[in-house]
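Source file: protein_30.txt (compact mmCIF, C-alpha atoms and all ligand atoms)
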```txt
# COMPACT_ATOMS: atom_id res chain seq x y z
CA MET T 1 0.00 0.00 0.00
CA GLY T 2 1.18 3.53 -0.78
CA ALA T 3 2.40 5.86 1.94
CA GLU T 4 0.19 8.37 3.71
CA VAL T 5 1.23 12.01 3.29
CA VAL T 6 0.28 14.33 6.14
CA VAL T 7 0.64 18.04 5.40
CA GLU T 8 0.15 20.40 8.34
CA GLY T 9 0.13 24.19 8.29
CA LEU T 10 2.41 24.44 5.28
CA THR T 11 3.24 28.03 4.31
CA LYS T 12 5.37 29.14 1.37
CA SER T 13 6.40 32.49 -0.03
CA PHE T 14 9.07 33.80 -2.38
CA GLY T 15 10.43 37.00 -0.85
CA LYS T 16 7.38 39.20 -0.26
CA GLN T 17 5.13 37.11 -2.51
CA ALA T 18 2.99 34.79 -0.40
CA ILE T 19 2.14 31.69 -2.42
CA TRP T 20 -0.08 29.83 0.05
CA ARG T 21 -0.38 29.64 3.81
CA ASP T 22 -1.48 27.15 6.39
CA VAL T 23 -2.18 24.33 3.95
CA THR T 24 -3.33 21.25 5.86
CA LEU T 25 -4.40 18.03 4.19
CA THR T 26 -3.83 14.28 4.27
CA LEU T 27 -3.34 12.17 1.19
CA PRO T 28 -4.83 8.86 2.34
CA PRO T 29 -2.64 5.84 1.51
CA GLY T 30 -3.36 4.26 -1.85
CA GLU T 31 -6.07 6.76 -2.79
CA VAL T 32 -6.13 9.08 -5.78
CA SER T 33 -6.37 12.80 -5.05
CA VAL T 34 -6.65 15.82 -7.35
CA LEU T 35 -5.60 19.37 -6.52
CA LEU T 36 -7.30 22.07 -8.59
CA GLY T 37 -6.62 25.77 -8.67
CA PRO T 38 -6.47 28.71 -11.04
CA SER T 39 -3.16 29.33 -12.80
CA GLY T 40 -0.49 30.76 -10.58
CA THR T 41 -2.02 29.64 -7.28
CA GLY T 42 1.03 27.58 -6.48
CA LYS T 43 0.03 24.03 -7.35
CA SER T 44 3.44 23.20 -8.83
CA VAL T 45 5.13 24.90 -5.89
CA PHE T 46 3.08 22.61 -3.63
CA LEU T 47 4.25 19.48 -5.48
CA LYS T 48 7.86 20.66 -5.35
CA SER T 49 7.52 21.31 -1.61
CA MET T 50 6.22 17.77 -1.12
CA ILE T 51 9.41 16.29 -2.50
CA GLY T 52 11.66 18.74 -0.74
CA LEU T 53 12.75 20.62 -3.88
CA LEU T 54 11.38 23.81 -2.29
CA LYS T 55 11.45 24.65 1.41
CA PRO T 56 8.27 26.08 2.97
CA GLU T 57 8.86 28.57 5.80
CA ARG T 58 6.43 26.92 8.17
CA GLY T 59 4.60 23.65 8.60
CA LYS T 60 5.25 19.96 8.12
CA CYS T 61 4.98 17.34 5.43
CA VAL T 62 5.23 13.98 7.13
CA ILE T 63 5.80 10.74 5.22
CA ASN T 64 6.49 7.48 7.05
CA GLY T 65 7.14 9.47 10.22
CA VAL T 66 9.69 11.78 8.57
CA ASP T 67 9.01 15.50 8.23
CA ILE T 68 10.61 16.26 4.90
CA CYS T 69 10.58 20.00 5.63
CA SER T 70 13.01 19.64 8.52
CA CYS T 71 14.82 16.32 8.02
CA SER T 72 18.47 15.89 7.08
CA GLU T 73 19.55 15.77 3.43
CA ARG T 74 20.32 12.08 3.85
CA LYS T 75 16.78 11.30 5.08
CA LEU T 76 15.32 13.44 2.32
CA TYR T 77 17.29 11.47 -0.26
CA GLU T 78 15.83 8.25 1.16
CA ILE T 79 12.25 9.59 1.28
CA ARG T 80 12.51 10.90 -2.28
CA LYS T 81 12.96 7.33 -3.48
CA LEU T 82 9.32 6.71 -2.43
CA PHE T 83 8.18 9.23 -5.02
CA GLY T 84 7.58 8.93 -8.72
CA VAL T 85 7.05 12.33 -10.30
CA LEU T 86 5.51 13.05 -13.68
CA PHE T 87 6.50 16.61 -14.53
CA GLN T 88 4.39 18.79 -16.84
CA ASP T 89 6.46 18.23 -19.96
CA GLY T 90 7.65 14.74 -19.06
CA ALA T 91 11.06 16.31 -18.24
CA LEU T 92 12.87 13.82 -20.45
CA PHE T 93 16.51 14.23 -21.40
CA GLY T 94 16.38 15.32 -25.04
CA SER T 95 19.61 13.60 -26.03
CA MET T 96 18.70 10.20 -24.55
CA ASN T 97 16.40 7.69 -26.19
CA LEU T 98 13.29 6.59 -24.29
CA TYR T 99 14.95 3.44 -22.99
CA ASP T 100 17.81 5.37 -21.40
CA ASN T 101 15.44 8.03 -20.08
CA VAL T 102 13.31 5.41 -18.35
CA ALA T 103 16.39 3.52 -17.12
CA PHE T 104 17.96 6.69 -15.70
CA PRO T 105 16.59 6.53 -12.09
CA LEU T 106 17.58 2.85 -11.84
CA ARG T 107 21.14 3.56 -12.94
CA GLU T 108 21.30 6.64 -10.71
CA HIS T 109 19.72 5.28 -7.51
CA THR T 110 20.23 1.51 -7.53
CA LYS T 111 22.98 -1.00 -8.09
CA ARG T 112 20.87 -3.21 -10.36
CA SER T 113 22.53 -5.08 -13.20
CA GLU T 114 21.84 -4.04 -16.81
CA SER T 115 19.78 -7.18 -17.37
CA GLU T 116 17.57 -6.37 -14.36
CA ILE T 117 17.29 -2.79 -15.56
CA LYS T 118 16.21 -4.03 -18.97
CA ARG T 119 13.48 -6.20 -17.46
CA ILE T 120 12.10 -3.33 -15.37
CA VAL T 121 12.32 -0.73 -18.17
CA LEU T 122 10.51 -2.96 -20.65
CA GLU T 123 7.87 -3.87 -18.07
CA LYS T 124 7.10 -0.20 -17.35
CA MET T 125 7.20 0.74 -21.02
CA GLU T 126 4.69 -2.00 -21.72
CA MET T 127 2.51 -0.72 -18.88
CA VAL T 128 2.25 2.70 -20.54
CA GLY T 129 1.90 1.29 -24.06
CA LEU T 130 5.34 2.32 -25.34
CA LEU T 131 6.89 -1.05 -26.04
CA GLY T 132 8.66 -0.82 -29.40
CA ALA T 133 9.47 2.90 -29.03
CA GLU T 134 12.57 2.37 -26.87
CA SER T 135 15.01 3.80 -29.39
CA LYS T 136 13.04 6.97 -30.18
CA LEU T 137 14.32 10.33 -28.99
CA PRO T 138 11.87 12.58 -27.05
CA GLY T 139 11.92 15.03 -29.97
CA GLU T 140 10.67 12.35 -32.33
CA ILE T 141 7.47 11.45 -30.46
CA SER T 142 4.15 13.15 -29.68
CA GLY T 143 3.35 15.04 -26.48
CA GLY T 144 1.14 12.20 -25.26
CA MET T 145 3.94 9.68 -25.79
CA ARG T 146 6.34 11.96 -23.91
CA LYS T 147 3.91 12.04 -20.97
CA ARG T 148 3.65 8.27 -21.01
CA ALA T 149 7.44 7.94 -21.18
CA GLY T 150 7.67 10.35 -18.22
CA LEU T 151 5.17 8.16 -16.37
CA ALA T 152 7.16 5.00 -17.16
CA ARG T 153 10.25 6.71 -15.75
CA ALA T 154 8.29 7.77 -12.65
CA LEU T 155 7.39 4.12 -12.07
CA VAL T 156 10.73 2.33 -12.29
CA LEU T 157 11.60 2.68 -8.60
CA ASP T 158 8.21 1.20 -7.60
CA PRO T 159 7.02 4.44 -6.01
CA GLU T 160 4.63 4.49 -3.08
CA ILE T 161 3.59 8.03 -3.97
CA ILE T 162 3.05 9.31 -7.51
CA LEU T 163 2.83 13.04 -8.18
CA CYS T 164 1.54 14.20 -11.56
CA ASP T 165 1.86 17.86 -12.53
CA GLU T 166 -0.84 18.59 -15.11
CA PRO T 167 -0.69 15.22 -16.86
CA ASP T 168 -3.32 16.52 -19.30
CA SER T 169 -1.53 19.69 -20.39
CA GLY T 170 -1.06 19.79 -24.14
CA LEU T 171 -3.14 16.64 -24.65
CA ASP T 172 -6.44 16.37 -26.52
CA PRO T 173 -9.49 15.16 -24.56
CA VAL T 174 -9.19 11.60 -25.86
CA ARG T 175 -5.50 11.24 -24.93
CA THR T 176 -6.31 12.84 -21.57
CA ALA T 177 -8.99 10.19 -20.99
CA TYR T 178 -6.48 7.44 -21.86
CA LEU T 179 -3.89 8.91 -19.51
CA SER T 180 -6.48 9.20 -16.72
CA GLN T 181 -7.40 5.55 -17.29
CA LEU T 182 -3.72 4.66 -17.12
CA LEU T 183 -3.41 6.34 -13.72
CA ILE T 184 -6.50 4.56 -12.34
CA ASP T 185 -5.23 1.24 -13.74
CA LEU T 186 -1.85 1.87 -12.14
CA ASN T 187 -3.50 2.59 -8.83
CA ALA T 188 -5.41 -0.70 -9.08
CA GLN T 189 -2.19 -2.57 -9.88
CA ILE T 190 0.25 -1.06 -7.39
CA ASP T 191 -2.00 0.66 -4.78
CA ALA T 192 0.20 3.78 -4.80
CA THR T 193 -0.91 7.08 -3.30
CA ILE T 194 -1.48 9.44 -6.24
CA LEU T 195 -1.76 13.23 -6.33
CA ILE T 196 -2.67 14.87 -9.63
CA VAL T 197 -2.48 18.62 -10.14
CA THR T 198 -4.70 19.79 -12.97
CA HIS T 199 -7.06 22.42 -14.37
CA ASN T 200 -9.02 19.77 -16.21
CA ILE T 201 -12.55 19.64 -14.85
CA ASN T 202 -13.34 16.34 -16.46
CA VAL T 203 -10.32 14.73 -14.78
CA ALA T 204 -11.37 16.33 -11.48
CA ARG T 205 -14.92 15.03 -11.78
CA THR T 206 -14.20 11.47 -12.84
CA VAL T 207 -10.78 10.36 -11.60
CA PRO T 208 -10.09 11.11 -7.92
CA ASP T 209 -11.25 9.80 -4.58
CA ASN T 210 -10.40 13.15 -2.99
CA LEU T 211 -10.51 16.62 -4.40
CA GLY T 212 -9.13 19.95 -3.24
CA MET T 213 -8.63 23.45 -4.54
CA LEU T 214 -6.12 26.22 -3.93
CA PHE T 215 -7.35 29.81 -4.26
CA ARG T 216 -6.38 33.16 -2.77
CA ARG T 217 -3.28 31.70 -1.17
CA GLU T 218 -5.28 29.12 0.75
CA LEU T 219 -6.57 25.61 0.42
CA VAL T 220 -10.27 26.32 -0.09
CA MET T 221 -11.16 22.72 0.66
CA PHE T 222 -9.82 19.20 0.49
CA GLY T 223 -11.72 15.98 1.13
CA PRO T 224 -13.94 13.34 -0.43
CA ARG T 225 -14.58 14.35 -4.05
CA GLU T 226 -18.33 14.59 -3.46
CA VAL T 227 -17.83 17.56 -1.12
CA LEU T 228 -16.11 19.77 -3.70
CA LEU T 229 -18.24 18.54 -6.60
CA THR T 230 -21.42 19.65 -4.85
CA SER T 231 -19.98 22.74 -3.19
CA ASP T 232 -21.70 26.13 -3.22
CA GLU T 233 -18.42 27.93 -2.51
CA PRO T 234 -18.41 30.69 -5.19
CA ALA T 235 -14.80 30.11 -6.33
CA VAL T 236 -15.36 26.35 -6.58
CA GLU T 237 -18.64 26.77 -8.44
CA GLN T 238 -17.04 29.25 -10.86
CA PHE T 239 -14.00 27.08 -11.46
CA LEU T 240 -15.94 23.85 -12.03
CA ASN T 241 -18.22 25.62 -14.49
CA GLY T 242 -15.46 27.62 -16.20
CA ARG T 243 -17.43 30.87 -15.91
CA ARG T 244 -16.17 34.45 -15.93
CA ILE T 245 -18.77 35.50 -13.36
CA GLY T 246 -17.37 34.91 -9.88
CA PRO T 247 -14.44 35.77 -7.65
CA ILE T 248 -11.71 34.35 -9.94
CA GLY T 249 -10.39 36.88 -12.45
CA MET T 250 -7.72 36.98 -15.13
CA SER T 251 -5.09 37.86 -12.55
CA GLU T 252 -6.46 35.32 -10.09
CA GLU T 253 -8.86 37.39 -8.00
CA LYS T 254 -11.26 40.25 -8.74
CA ASP T 255 -12.13 43.34 -6.80
CA THR T 256 -15.75 43.79 -5.76
CA ALA T 257 -16.32 46.63 -8.26
CA THR T 258 -15.38 44.36 -11.19
CA MET T 259 -17.56 41.58 -9.84
CA ALA T 260 -20.52 43.98 -9.48
CA ALA T 261 -20.00 45.35 -13.03
CA GLU T 262 -19.96 41.82 -14.47
CA GLU T 263 -23.07 40.86 -12.52
CA ALA T 264 -24.84 43.99 -13.81
CA ALA T 265 -23.84 43.22 -17.41
CA ARG T 266 -25.14 39.68 -17.02
CA ALA T 267 -28.40 40.90 -15.52
CA ALA T 268 -28.73 43.28 -18.49
CA GLY T 269 -28.57 40.31 -20.86
CA HIS T 270 -24.87 40.22 -21.83
CA HIS T 271 -23.91 36.63 -22.64
CA ASP T 272 -20.21 36.01 -22.14
CA GLY T 273 -20.11 32.56 -23.69
CA SER T 274 -19.95 30.74 -20.38
CA PRO T 275 -21.66 27.34 -20.32
CA GLU T 276 -25.38 27.45 -19.55
CA GLU T 277 -25.46 24.24 -17.61
CA ASP T 278 -24.21 23.87 -14.05
CA VAL T 279 -21.84 20.88 -14.15
CA ARG T 280 -21.67 20.51 -10.40
CA GLY T 281 -22.84 17.23 -8.98
CA VAL T 282 -21.36 13.78 -8.55
CA VAL T 283 -20.76 11.71 -11.68
CA PRO T 284 -19.62 8.07 -11.72
CA GLN T 285 -15.94 7.60 -10.94
CA MET T 286 -13.59 6.04 -13.50
CA GLN T 287 -13.09 2.31 -12.82
CA PRO T 288 -10.00 0.17 -13.54
CA SER T 289 -9.98 -1.48 -16.97
CA PRO T 290 -11.74 -4.86 -17.18
CA GLY T 291 -9.52 -7.71 -16.00
CA LEU T 292 -7.57 -5.59 -13.53
CA PRO T 293 -7.91 -6.03 -9.77
CA VAL T 294 -10.38 -3.83 -7.90
CA ARG T 295 -8.79 -0.77 -6.34
CA LYS T 296 -7.94 -1.46 -2.71
CA GLY T 297 -7.89 2.29 -2.18
CA ASP T 298 -11.51 2.44 -3.27
CA ARG T 299 -12.62 0.04 -0.53
CA ARG T 300 -10.54 1.79 2.13
CA ARG T 301 -11.87 5.12 0.95
CA LYS T 302 -15.50 4.01 1.13
CA ASP T 303 -14.96 2.69 4.65
CA ARG T 304 -13.26 5.94 5.65
CA VAL T 305 -15.91 8.15 4.12
CA MET T 306 -18.77 6.17 5.66
CA ARG T 307 -17.21 6.76 9.07
CA ILE T 308 -17.34 10.52 8.58
CA LEU T 309 -20.49 10.63 6.45
CA HIS T 310 -22.67 12.28 9.05
CA ASN T 311 -20.16 15.16 9.32
CA LEU T 312 -20.30 16.00 5.59
CA PRO T 313 -22.63 18.53 3.93
CA ALA T 314 -25.98 17.07 2.87
CA PRO T 315 -25.33 17.30 -0.92
CA ALA T 316 -22.06 15.38 -0.48
CA GLN T 317 -23.82 12.75 1.64
CA GLN T 318 -26.37 12.41 -1.13
CA GLY T 319 -23.67 11.94 -3.78
CA ILE T 320 -21.84 9.35 -1.68
CA VAL T 321 -24.95 7.36 -0.84
CA GLU T 322 -26.19 7.42 -4.43
CA SER T 323 -22.91 6.08 -5.75
CA LEU T 324 -22.98 3.00 -3.46
CA SER T 325 -23.72 -0.35 -5.06
CA ASP T 326 -26.30 -2.66 -3.51
CA SER T 327 -23.56 -4.72 -1.84
CA ASP T 328 -21.99 -1.52 -0.48
CA ARG T 329 -25.36 -0.54 0.96
CA GLN T 330 -25.58 -3.89 2.66
CA ARG T 331 -22.08 -3.51 4.05
CA TYR T 332 -22.92 -0.11 5.52
CA GLY T 333 -26.38 -1.08 6.70
CA LEU T 334 -28.11 1.49 4.51
CA GLN T 335 -31.62 1.25 3.20
CA ARG T 336 -32.14 2.23 -0.43
CA GLN T 337 -32.72 5.99 -0.31
CA PRO T 338 -35.89 7.67 -1.52
CA ALA T 339 -35.48 10.00 -4.52
CA PRO T 340 -33.65 13.23 -3.64
CA VAL T 341 -35.50 16.47 -3.32
CA GLY T 342 -34.30 19.99 -4.21
CA ARG T 343 -33.04 22.32 -1.56
CA PRO T 344 -35.62 25.05 -0.99
CA ASP T 345 -33.35 27.27 1.11
CA ASP T 346 -30.74 27.80 -1.63
CA THR T 347 -31.66 31.02 -3.39
CA ARG T 348 -28.28 32.29 -4.62
CA PRO T 349 -28.27 33.43 -8.26
CA LEU T 350 -26.87 31.06 -10.88
CA GLY T 351 -25.14 31.77 -14.20
CA PRO T 352 -27.21 32.50 -17.29
CA GLY T 353 -29.72 29.74 -17.90
CA ALA T 354 -28.04 27.47 -15.35
CA GLN T 355 -30.00 24.87 -13.42
CA ARG T 356 -29.43 24.24 -9.75
CA PRO T 357 -28.28 20.64 -9.21
CA ASN T 358 -30.93 18.61 -7.48
CA HIS T 359 -28.77 16.88 -4.92
CA ALA T 360 -29.95 17.55 -1.38
CA LEU T 361 -30.98 14.70 0.89
CA SER T 362 -34.57 14.58 2.03
CA GLN T 363 -35.13 14.68 5.78
CA GLU T 364 -36.21 11.06 5.62
CA SER T 365 -32.98 10.09 3.84
CA VAL T 366 -30.89 11.92 6.41
CA ALA T 367 -32.76 10.05 9.13
CA ASN T 368 -31.74 6.78 7.47
CA LEU T 369 -28.00 7.56 7.49
CA PRO T 370 -25.83 6.00 10.17
CA ARG T 371 -25.91 8.32 13.17
CA SER T 372 -22.55 7.38 14.58
CA ALA T 373 -19.16 6.45 13.18
CA TRP T 374 -19.49 3.38 11.00
CA GLN T 375 -16.97 0.57 11.48
CA PRO T 376 -16.13 -2.17 8.98
CA PRO T 377 -17.33 -5.67 9.86
CA PRO T 378 -14.24 -7.35 11.38
CA GLU T 379 -14.56 -10.63 9.49
CA SER T 380 -14.84 -8.98 6.04
CA SER T 381 -12.03 -6.44 6.29
CA PRO T 382 -9.45 -7.37 8.91
CA GLN T 383 -7.07 -4.69 7.65
CA ALA T 384 -9.55 -1.87 7.45
CA PRO T 385 -8.24 1.26 9.15
CA GLN T 386 -9.51 2.10 12.59
CA PRO T 387 -11.37 5.35 13.18
CA ARG T 388 -9.01 8.17 14.08
CA PRO T 389 -9.73 10.73 16.76
CA GLY T 390 -11.77 13.50 15.19
CA ASP T 391 -13.24 11.28 12.49
CA GLY T 392 -16.59 11.34 14.08
N1 LIG T 401 11.48 29.29 -7.82
C1 LIG T 401 10.62 30.32 -7.78
N2 LIG T 401 11.02 31.54 -7.41
C2 LIG T 401 10.17 32.58 -7.34
N3 LIG T 401 8.85 32.50 -7.64
C3 LIG T 401 8.38 31.31 -8.02
C4 LIG T 401 9.23 30.15 -8.13
N4 LIG T 401 8.48 29.11 -8.51
C5 LIG T 401 7.22 29.57 -8.67
N5 LIG T 401 7.16 30.88 -8.37
C6 LIG T 401 5.94 31.71 -8.39
O1 LIG T 401 4.96 31.04 -7.60
C7 LIG T 401 3.66 31.29 -8.15
C8 LIG T 401 2.95 29.96 -8.31
O2 LIG T 401 3.56 29.22 -9.37
P1 LIG T 401 3.12 27.75 -9.74
O3 LIG T 401 3.89 27.35 -10.96
O4 LIG T 401 3.21 26.86 -8.57
O5 LIG T 401 1.58 27.97 -10.10
P2 LIG T 401 0.55 26.90 -10.66
O6 LIG T 401 -0.66 26.99 -9.81
O7 LIG T 401 1.20 25.58 -10.79
O8 LIG T 401 0.24 27.55 -12.09
P3 LIG T 401 -0.16 26.86 -13.49
O9 LIG T 401 -1.49 26.24 -13.26
O10 LIG T 401 -0.22 28.03 -14.43
O11 LIG T 401 0.92 25.87 -13.84
C9 LIG T 401 3.87 32.04 -9.46
O12 LIG T 401 3.63 33.41 -9.24
C10 LIG T 401 5.34 31.81 -9.78
O13 LIG T 401 5.89 32.89 -10.47
```
Encoded form (structure tokens):
Amino acid sequence: MGAEVVVEGLTKSFGKQAIWRDVTLTLPPGEVSVLLGPSGTGKSVFLKSMIGLLKPERGKCVINGVDICSCSERKLYEIRKLFGVLFQDGALFGSMNLYDNVAFPLREHTKRSESEIKRIVLEKMEMVGLLGAESKLPGEISGGMRKRAGLARALVLDPEIILCDEPDSGLDPVRTAYLSQLLIDLNAQIDATILIVTHNINVARTVPDNLGMLFRRELVMFGPREVLLTSDEPAVEQFLNGRRIGPIGMSEEKDTATMAAEEAARAAGHHDGSPEEDVRGVVPQMQPSPGLPVRKGDRRRKDRVMRILHNLPAPAQQGIVESLSDSDRQRYGLQRQPAPVGRPDDTRPLGPGAQRPNHALSQESVANLPRSAWQPPPESSPQAPQPRPGDG
């Protein structure tokens, strides 16, 4: 199982420029998480801080009991071996063919023989669908192939934690879907903890177990994907829907006068090309390809989320409960829920022509949810995590 990453109160600035402050989140072991955020909010800086390439001024990032923000260089070197990182552009060496690029970390960090290296390199290249392209130079292949080669290289040291910086950048929607599938398949195969940084809403909606967003130098939220996907937080709603109307502006945030002027223009009938439909709401999560094992992280995640279900906002509860299979419902002792009803108290204005998602739980449904922290049946999941203090 992948390692847990516990980030507490992390704060980073460059000189006088504050990037983000007091970021606290946990990447649960073996689960897939996505971090969203407008351009320039410091998502890449966050990834670099997690592997100790940048030093935050305050806070901790604890992996296997080691705080990588304050540990020795030697410890950091050891901890870094747990990571596989897919950088935005693949970060391949332009003068090396794909085989040598993928073999690089093995030659650099291990004492493996060339025949062992060959076995591992070919195995990972097969995993990402690049077998046969070993002798190509990075300049001779497409952007999607470069990403996959970067992923193969990130995998050769059998990482427990995989960080992906905008794996979709420069890829068309179809290649992005294939790459997303590859990451979910990988998670099913090796149970690694995965963090993906992206702007891609489709990836955010369909891939992760957990979803968070950076905005205005803070982590707006981080938790089960259903919480963010059904959130009424204006910045989240604007970002998910890709609208101009809202607190996010061209240079990250808007002043109130600009927001008021945009609202007035909209009210006067100006259509700015933003999508009519509100895409918020929980959609089915991407599953591993047929024939692959089920994701262990998925089971652990469901158990974890059911323990904290009663603490989550009602729309998120609704999304979680609706996505449970019949056998899940049995496991958690849930009755089939009656059809959801709309939320009468939500009267905030929506974008032009947008529909409010109908995702609130009825009072009767809420009454049917477990009232106290749920625990996995001991005989069916002996290794299920125990509730932690504060979970419920
Ligand atoms: N080494 C550095 N020195 C000084 N400033 C930096 C450094 N690295 C990043 N920054 C600044 O930190 C801010 C956040 O950059 P970062 O690349 O993390 O944003 P991002 O959210 O990943 O953006 P995008 O989505 O456009 O890739 C930017 O203003 C950038 O100029």
Report as CSV the residues of chain T within 9 Å of ligand LIG 401 (chain T), each with its shortest atom pair and distance in Å (one decimal), using all atoms listed in the file, ordered by chain and increasing residue number.
```
residue,atom,partner,partner_atom,distance
T:Ser13,CA,T:LIG401,O1,7.8
T:Phe14,CA,T:LIG401,C2,5.2
T:Gly15,CA,T:LIG401,C2,7.9
T:Gln17,CA,T:LIG401,O12,7.8
T:Ala18,CA,T:LIG401,O1,8.4
T:Ile19,CA,T:LIG401,O1,5.9
T:Trp20,CA,T:LIG401,C8,8.9
T:Leu36,CA,T:LIG401,O6,8.4
T:Gly37,CA,T:LIG401,O6,6.2
T:Pro38,CA,T:LIG401,O9,6.0
T:Ser39,CA,T:LIG401,O9,3.5
T:Gly40,CA,T:LIG401,O5,3.5
T:Thr41,CA,T:LIG401,O6,3.9
T:Gly42,CA,T:LIG401,O4,3.1
T:Lys43,CA,T:LIG401,O6,3.9
T:Ser44,CA,T:LIG401,O4,3.7
T:Val45,CA,T:LIG401,O4,3.8
T:Phe46,CA,T:LIG401,O4,6.5
T:Leu47,CA,T:LIG401,O4,8.1
T:Lys48,CA,T:LIG401,O4,8.4
T:Leu54,CA,T:LIG401,N1,7.8
T:Gln88,CA,T:LIG401,O11,8.4
T:Asp165,CA,T:LIG401,O7,7.9
T:Glu166,CA,T:LIG401,O11,7.6
T:Val197,CA,T:LIG401,O7,7.9
T:Thr198,CA,T:LIG401,O9,7.2
T:His199,CA,T:LIG401,O9,6.8
T:Leu214,CA,T:LIG401,O6,8.1
```
Self-check item: Selection: 10 Å around Gly2 of chain T, all atoms listed in the file, excl. self and same-chain fewer than 4 positions, as a VMD selection string
Solution: chain T and resid 27 to 31 82 to 83 159 to 162 187 190 to 194 297
Report the closest atom pair, with its distance in Å rounded to one decimal, for each residue of segment 173-283 of chain T that has an atom no farther than 12 Å from segment 143-153 of chain T; count only C-alpha atoms, sort by chain and then rising residue number, and write it as a tab-separated table.
```
residue	atom	partner	partner_atom	distance
T:Pro173	CA	T:Gly144	CA	11.1
T:Val174	CA	T:Gly144	CA	10.4
T:Arg175	CA	T:Gly144	CA	6.7
T:Thr176	CA	T:Gly144	CA	8.3
T:Ala177	CA	T:Gly144	CA	11.2
T:Tyr178	CA	T:Gly144	CA	9.6
T:Leu179	CA	T:Arg148	CA	7.7
T:Ser180	CA	T:Arg148	CA	11.0
T:Gln181	CA	T:Arg148	CA	12.0
T:Leu182	CA	T:Arg148	CA	9.1
T:Leu183	CA	T:Leu151	CA	9.2
T:Leu186	CA	T:Leu151	CA	10.3
```
Generate a file of the selected residues that holds C-alpha atoms, formatted as a short mmCIF file (atom, residue, chain, number, x, y, z; two decimals), in the coordinates of the input.
```cif
data_model
loop_
_atom_site.label_atom_id
_atom_site.label_comp_id
_atom_site.auth_asym_id
_atom_site.auth_seq_id
_atom_site.Cartn_x
_atom_site.Cartn_y
_atom_site.Cartn_z
CA PRO T 173 -9.49 15.16 -24.56
CA VAL T 174 -9.19 11.60 -25.86
CA ARG T 175 -5.50 11.24 -24.93
CA THR T 176 -6.31 12.84 -21.57
CA ALA T 177 -8.99 10.19 -20.99
CA TYR T 178 -6.48 7.44 -21.86
CA LEU T 179 -3.89 8.91 -19.51
CA SER T 180 -6.48 9.20 -16.72
CA GLN T 181 -7.40 5.55 -17.29
CA LEU T 182 -3.72 4.66 -17.12
CA LEU T 183 -3.41 6.34 -13.72
CA LEU T 186 -1.85 1.87 -12.14
#
```
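Here the question is which of T:Ala133, T:Ala204, T:Asn311, T:Gln189 gets nearest to Pro288 of chain T using all atoms listed in the file, and that residue is T:Gln189.
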Exercise. Find the residues around Val283 of chain T up to 9 Å (only C-alpha atoms counted), leave out those fewer than 3 positions away in its own chain, and share them as a list in words.
Key: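 Close residues of Val283 of chain T: Arg205, Thr206, Leu229, Arg280, Gly319 and Ser323 of chain T.
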